[in-house]
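In what follows, a single structure is set out as structure tokens and then discussed.
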Amino acid sequence: MIPVVVAAARTAVRPTDGELAGWNPVELAAAVGREVLQSARLDPSSLDEVIVGCADPVGACGANVARAIALAARWPAHIGGMVIDRAETSGLAAVQTAAAAIASGQARTVMVVGLGLCSVVPPGAAAVNRIYGAPWGGVAERFADAGGLLPAPRLTERAAAAAGISRAELDAAAEQSRRRRADADPSPAVVAVEARPHPSADRGAYRGDPVVSDVIRDWGSTAGLPPAFDDDGLLTAASFAVPADAVAAVLLQAEPAPGIARITGMGRAAGDPFDPIGEVAAAVAVALRSAGVGLDEIDRIEVVEHNAASALLVAAALNVPAGRVNCDGGAVATGNSCAAEELRLITDGLGGVGRLLAISAGPGGSAAAVFDLACQLR
């Protein structure tokens, strides 16, 4: 059975400690999930499972948050849930897991949720509290002779420098991302949720106000900004996608359900942990091969922008012009809501035509999926 996307929705992408910071991730995901079912005109009883992508399934996002979402949404108790943690590719991996379950006949209707409420559970939260021991034991020893593993941003900017990418090119790429995002039409996938600002927030929002638009970060002139990580580094606050708040969800069913996109190809890869884009060319090759198309037949390439360098490195690895990637801007413009940003590539891309290639990549690996959009389903 071929999996199709029948509905999708997301919140606006907002800054941490802002309008969405007072939400519990479970409650916000339940609200978005209800909107998705309403859009699809489906009764919750038709759901087989909820699958959540989350790179930090701890605290408010822990304890099988997928099952909690189903119960908090007041859906039937027979609906189960699971959580996928695949680091930077958790969101797309959750979509792939749902699609595989449908293709194999294990499920017919699956809700996939990407969690990225970074105000509540910040990136890296799973590694912060070491009461039960430090994570990744034994890994440091394996790579000690190579100088040790580096945090993803520092790894990315060093790879950019090795590739001959300059600070000026990264600044220009970041500005292009912001300009494209500002010029793009508002996403039809955004649903209004009420503002629940952090008590210390000073952003002019009051509890209950509708939150309907993405924030666009504006740094003005970036020439004088200092390096954000290494003293001689290339990334600055303007070219780095800071953590943000958002939740996104897509509903998958098996054909012949009337869908707005067909999932035709999927791929995942991993490789050298010093590779900041996780063997992305291999993941894309698998996705394209399973879809039976070439890269020249893809109409939109959407990539999670962890920073301006990561998007340029992905474009170079795929041997495509950087201008083909993220034609409506990316996370550098708004902030990175982690797994929710991965699903945002899908929710926003479904409004287009032709074929969409969604990509997420980082040192932990890469993931890619090909979607045939609505015009090709009719």
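By convention in this document, the chains of the structure tokens carry letters A, B, ... by their order, each chain's residues are numbered from 1, and ligands are numbered from 1 in the order they are shown.
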>> I want to know what sits within 9 Å of Glu88 (chain A), based on only C-alpha atoms, with residues of the same chain fewer than 2 positions away left out; could you give that as a ChimeraX atom specification?
In response: /A:54-55,85-86,90-91,338-339,342,360-366
Resulting file, chosen residues, N, CA, C and O atoms, as a PDB file, in the first residue's frame:
ATOM      1  N   CYS A  54      11.098  13.329  18.120  1.00  0.00           N
ATOM      2  CA  CYS A  54      11.588  14.229  19.172  1.00  0.00           C
ATOM      3  C   CYS A  54      13.030  13.867  19.489  1.00  0.00           C
ATOM      4  O   CYS A  54      13.314  12.729  19.852  1.00  0.00           O
ATOM      5  N   ALA A  55      13.926  14.846  19.360  1.00  0.00           N
ATOM      6  CA  ALA A  55      15.347  14.588  19.592  1.00  0.00           C
ATOM      7  C   ALA A  55      15.720  14.613  21.071  1.00  0.00           C
ATOM      8  O   ALA A  55      16.824  14.198  21.426  1.00  0.00           O
ATOM      9  N   ASP A  85      13.575   8.890  18.288  1.00  0.00           N
ATOM     10  CA  ASP A  85      14.693   9.804  18.557  1.00  0.00           C
ATOM     11  C   ASP A  85      15.838   9.397  17.644  1.00  0.00           C
ATOM     12  O   ASP A  85      16.501   8.395  17.875  1.00  0.00           O
ATOM     13  N   ARG A  86      16.046  10.168  16.587  1.00  0.00           N
ATOM     14  CA  ARG A  86      17.164   9.929  15.680  1.00  0.00           C
ATOM     15  C   ARG A  86      17.937  11.239  15.511  1.00  0.00           C
ATOM     16  O   ARG A  86      18.263  11.656  14.390  1.00  0.00           O
ATOM     17  N   SER A  90      14.989  13.183  13.625  1.00  0.00           N
ATOM     18  CA  SER A  90      13.894  12.516  14.336  1.00  0.00           C
ATOM     19  C   SER A  90      12.548  12.736  13.662  1.00  0.00           C
ATOM     20  O   SER A  90      11.709  11.832  13.606  1.00  0.00           O
ATOM     21  N   GLY A  91      12.303  13.943  13.151  1.00  0.00           N
ATOM     22  CA  GLY A  91      11.017  14.240  12.523  1.00  0.00           C
ATOM     23  C   GLY A  91      10.791  13.462  11.247  1.00  0.00           C
ATOM     24  O   GLY A  91       9.742  12.817  11.068  1.00  0.00           O
ATOM     25  N   CYS A 338      13.563  22.155  15.702  1.00  0.00           N
ATOM     26  CA  CYS A 338      13.959  20.739  15.758  1.00  0.00           C
ATOM     27  C   CYS A 338      13.035  19.853  14.919  1.00  0.00           C
ATOM     28  O   CYS A 338      12.846  20.127  13.751  1.00  0.00           O
ATOM     29  N   ALA A 339      12.460  18.808  15.509  1.00  0.00           N
ATOM     30  CA  ALA A 339      11.634  17.883  14.731  1.00  0.00           C
ATOM     31  C   ALA A 339      10.434  18.583  14.115  1.00  0.00           C
ATOM     32  O   ALA A 339       9.962  18.186  13.042  1.00  0.00           O
ATOM     33  N   GLU A 342      11.487  19.890  10.808  1.00  0.00           N
ATOM     34  CA  GLU A 342      11.522  18.852   9.778  1.00  0.00           C
ATOM     35  C   GLU A 342      10.143  18.636   9.166  1.00  0.00           C
ATOM     36  O   GLU A 342      10.005  18.500   7.945  1.00  0.00           O
ATOM     37  N   SER A 360      16.704  16.338   6.060  1.00  0.00           N
ATOM     38  CA  SER A 360      17.296  16.772   7.322  1.00  0.00           C
ATOM     39  C   SER A 360      18.641  16.072   7.467  1.00  0.00           C
ATOM     40  O   SER A 360      18.787  14.911   7.063  1.00  0.00           O
ATOM     41  N   ALA A 361      19.621  16.779   8.011  1.00  0.00           N
ATOM     42  CA  ALA A 361      20.967  16.207   8.083  1.00  0.00           C
ATOM     43  C   ALA A 361      21.752  16.845   9.210  1.00  0.00           C
ATOM     44  O   ALA A 361      21.592  18.030   9.512  1.00  0.00           O
ATOM     45  N   GLY A 362      22.594  16.038   9.830  1.00  0.00           N
ATOM     46  CA  GLY A 362      23.471  16.506  10.891  1.00  0.00           C
ATOM     47  C   GLY A 362      24.518  15.446  11.165  1.00  0.00           C
ATOM     48  O   GLY A 362      24.547  14.398  10.504  1.00  0.00           O
ATOM     49  N   PRO A 363      25.385  15.660  12.152  1.00  0.00           N
ATOM     50  CA  PRO A 363      26.416  14.667  12.457  1.00  0.00           C
ATOM     51  C   PRO A 363      25.859  13.293  12.814  1.00  0.00           C
ATOM     52  O   PRO A 363      26.530  12.279  12.632  1.00  0.00           O
ATOM     53  N   GLY A 364      24.633  13.246  13.320  1.00  0.00           N
ATOM     54  CA  GLY A 364      24.032  11.971  13.672  1.00  0.00           C
ATOM     55  C   GLY A 364      23.514  11.180  12.495  1.00  0.00           C
ATOM     56  O   GLY A 364      23.164  10.000  12.646  1.00  0.00           O
ATOM     57  N   GLY A 365      23.443  11.785  11.323  1.00  0.00           N
ATOM     58  CA  GLY A 365      22.941  11.090  10.146  1.00  0.00           C
ATOM     59  C   GLY A 365      22.082  12.006   9.310  1.00  0.00           C
ATOM     60  O   GLY A 365      21.993  13.213   9.555  1.00  0.00           O
ATOM     61  N   SER A 366      21.432  11.422   8.308  1.00  0.00           N
ATOM     62  CA  SER A 366      20.592  12.206   7.411  1.00  0.00           C
ATOM     63  C   SER A 366      19.357  11.410   7.046  1.00  0.00           C
ATOM     64  O   SER A 366      19.308  10.182   7.188  1.00  0.00           O
TER      65      SER A 366
END
>> Give me, as an NGL selection string, the residues of region 134-357 of chain A that a backbone DSSP run labels alpha helix (DSSP H).
In response: :A and (139-142 or 152-162 or 167-183 or 280-291 or 308-318 or 331-334 or 339-349)
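With only C-alpha atoms as the atoms that count, the minimum distance from Ala63 (chain A) to the choices A:Leu92, A:Met82, A:Val286, A:Ala269 is reached by A:Met82.
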> Any idea what the distance is between CA of Glu49 (chain A) and CA of Val284 (chain A)?
Replying inline: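 For CA of Glu49 (chain A) relative to CA of Val284 (chain A), the distance reads 27.3 Å.
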> Skipping near chain neighbours, those fewer than 5 positions away, what residues fall within 7 Å of region 217-228 of chain A using only C-alpha atoms, listed as a ChimeraX atom specification?
Replying inline: /A:171,233-238,333-334
>> From a backbone DSSP assignment, name each residue in region 90-231 of chain A labelled strand (DSSP E or B), as JSON, numbers by chain.
In response: {"A": [109, 110, 111, 112, 113, 114, 115, 116, 117, 190, 193, 194, 210, 211]}
Please produce an output containing all heavy atoms for each residue in the selection, written as a compact mmCIF listing (two decimals), in the first residue's frame.
# COMPACT_ATOMS: atom_id res chain seq x y z
N THR A 109 -4.00 4.33 9.26
CA THR A 109 -4.07 5.76 9.52
C THR A 109 -3.14 6.10 10.69
O THR A 109 -3.33 5.57 11.79
CB THR A 109 -5.50 6.21 9.86
OG1 THR A 109 -6.38 5.80 8.80
CG2 THR A 109 -5.58 7.72 10.02
N VAL A 110 -2.16 6.96 10.45
CA VAL A 110 -1.16 7.29 11.47
C VAL A 110 -0.96 8.80 11.53
O VAL A 110 -0.79 9.45 10.49
CB VAL A 110 0.20 6.61 11.18
CG1 VAL A 110 1.19 6.92 12.30
CG2 VAL A 110 0.03 5.11 11.01
N MET A 111 -0.99 9.34 12.72
CA MET A 111 -0.67 10.74 12.96
C MET A 111 0.82 10.84 13.32
O MET A 111 1.30 10.14 14.21
CB MET A 111 -1.51 11.29 14.11
CG MET A 111 -1.19 12.74 14.50
SD MET A 111 -1.99 13.94 13.46
CE MET A 111 -3.71 13.74 13.97
N VAL A 112 1.55 11.71 12.63
CA VAL A 112 2.96 11.96 12.93
C VAL A 112 3.09 13.38 13.46
O VAL A 112 2.59 14.33 12.85
CB VAL A 112 3.84 11.78 11.69
CG1 VAL A 112 5.31 12.00 12.06
CG2 VAL A 112 3.65 10.41 11.07
N VAL A 113 3.76 13.51 14.60
CA VAL A 113 3.92 14.81 15.25
C VAL A 113 5.41 15.12 15.40
O VAL A 113 6.19 14.25 15.80
CB VAL A 113 3.25 14.82 16.65
CG1 VAL A 113 3.49 16.16 17.36
CG2 VAL A 113 1.76 14.54 16.53
N GLY A 114 5.79 16.33 15.07
CA GLY A 114 7.15 16.81 15.33
C GLY A 114 7.14 17.80 16.47
O GLY A 114 6.44 18.82 16.39
N LEU A 115 7.86 17.49 17.54
CA LEU A 115 7.89 18.36 18.71
C LEU A 115 9.14 19.23 18.69
O LEU A 115 10.25 18.73 18.49
CB LEU A 115 7.87 17.54 20.00
CG LEU A 115 6.57 16.84 20.37
CD1 LEU A 115 6.71 16.17 21.74
CD2 LEU A 115 5.40 17.81 20.38
N GLY A 116 8.96 20.52 18.94
CA GLY A 116 10.09 21.42 19.02
C GLY A 116 9.79 22.60 19.92
O GLY A 116 10.04 23.75 19.55
N LEU A 117 9.21 22.33 21.08
CA LEU A 117 8.91 23.41 22.02
C LEU A 117 10.15 23.64 22.88
O LEU A 117 10.26 23.19 24.03
CB LEU A 117 7.70 23.03 22.89
CG LEU A 117 6.81 24.17 23.37
CD1 LEU A 117 6.30 25.00 22.20
CD2 LEU A 117 5.64 23.65 24.17
N VAL A 190 -0.53 26.77 8.72
CA VAL A 190 -0.49 27.35 10.07
C VAL A 190 -1.90 27.45 10.63
O VAL A 190 -2.81 27.98 9.99
CB VAL A 190 0.17 28.74 10.04
CG1 VAL A 190 0.09 29.40 11.43
CG2 VAL A 190 1.62 28.64 9.59
N VAL A 193 -3.31 29.12 17.37
CA VAL A 193 -3.39 28.61 18.74
C VAL A 193 -3.30 29.81 19.67
O VAL A 193 -2.80 30.87 19.28
CB VAL A 193 -2.26 27.61 19.05
CG1 VAL A 193 -2.39 26.36 18.19
CG2 VAL A 193 -0.89 28.23 18.86
N GLU A 194 -3.80 29.66 20.86
CA GLU A 194 -3.79 30.80 21.78
C GLU A 194 -2.40 31.02 22.35
O GLU A 194 -1.64 30.08 22.58
CB GLU A 194 -4.78 30.57 22.91
CG GLU A 194 -4.40 29.45 23.87
CD GLU A 194 -5.37 29.34 25.05
OE1 GLU A 194 -6.58 29.53 24.83
OE2 GLU A 194 -4.88 29.07 26.17
N PRO A 210 -4.48 35.11 19.49
CA PRO A 210 -4.14 34.10 18.49
C PRO A 210 -2.71 34.27 17.99
O PRO A 210 -2.25 35.38 17.74
CB PRO A 210 -5.15 34.37 17.37
CG PRO A 210 -5.51 35.82 17.52
CD PRO A 210 -5.45 36.10 19.00
N VAL A 211 -2.01 33.15 17.88
CA VAL A 211 -0.64 33.14 17.34
C VAL A 211 -0.73 32.53 15.94
O VAL A 211 -1.01 31.34 15.80
CB VAL A 211 0.30 32.32 18.23
CG1 VAL A 211 1.72 32.35 17.67
CG2 VAL A 211 0.28 32.84 19.66
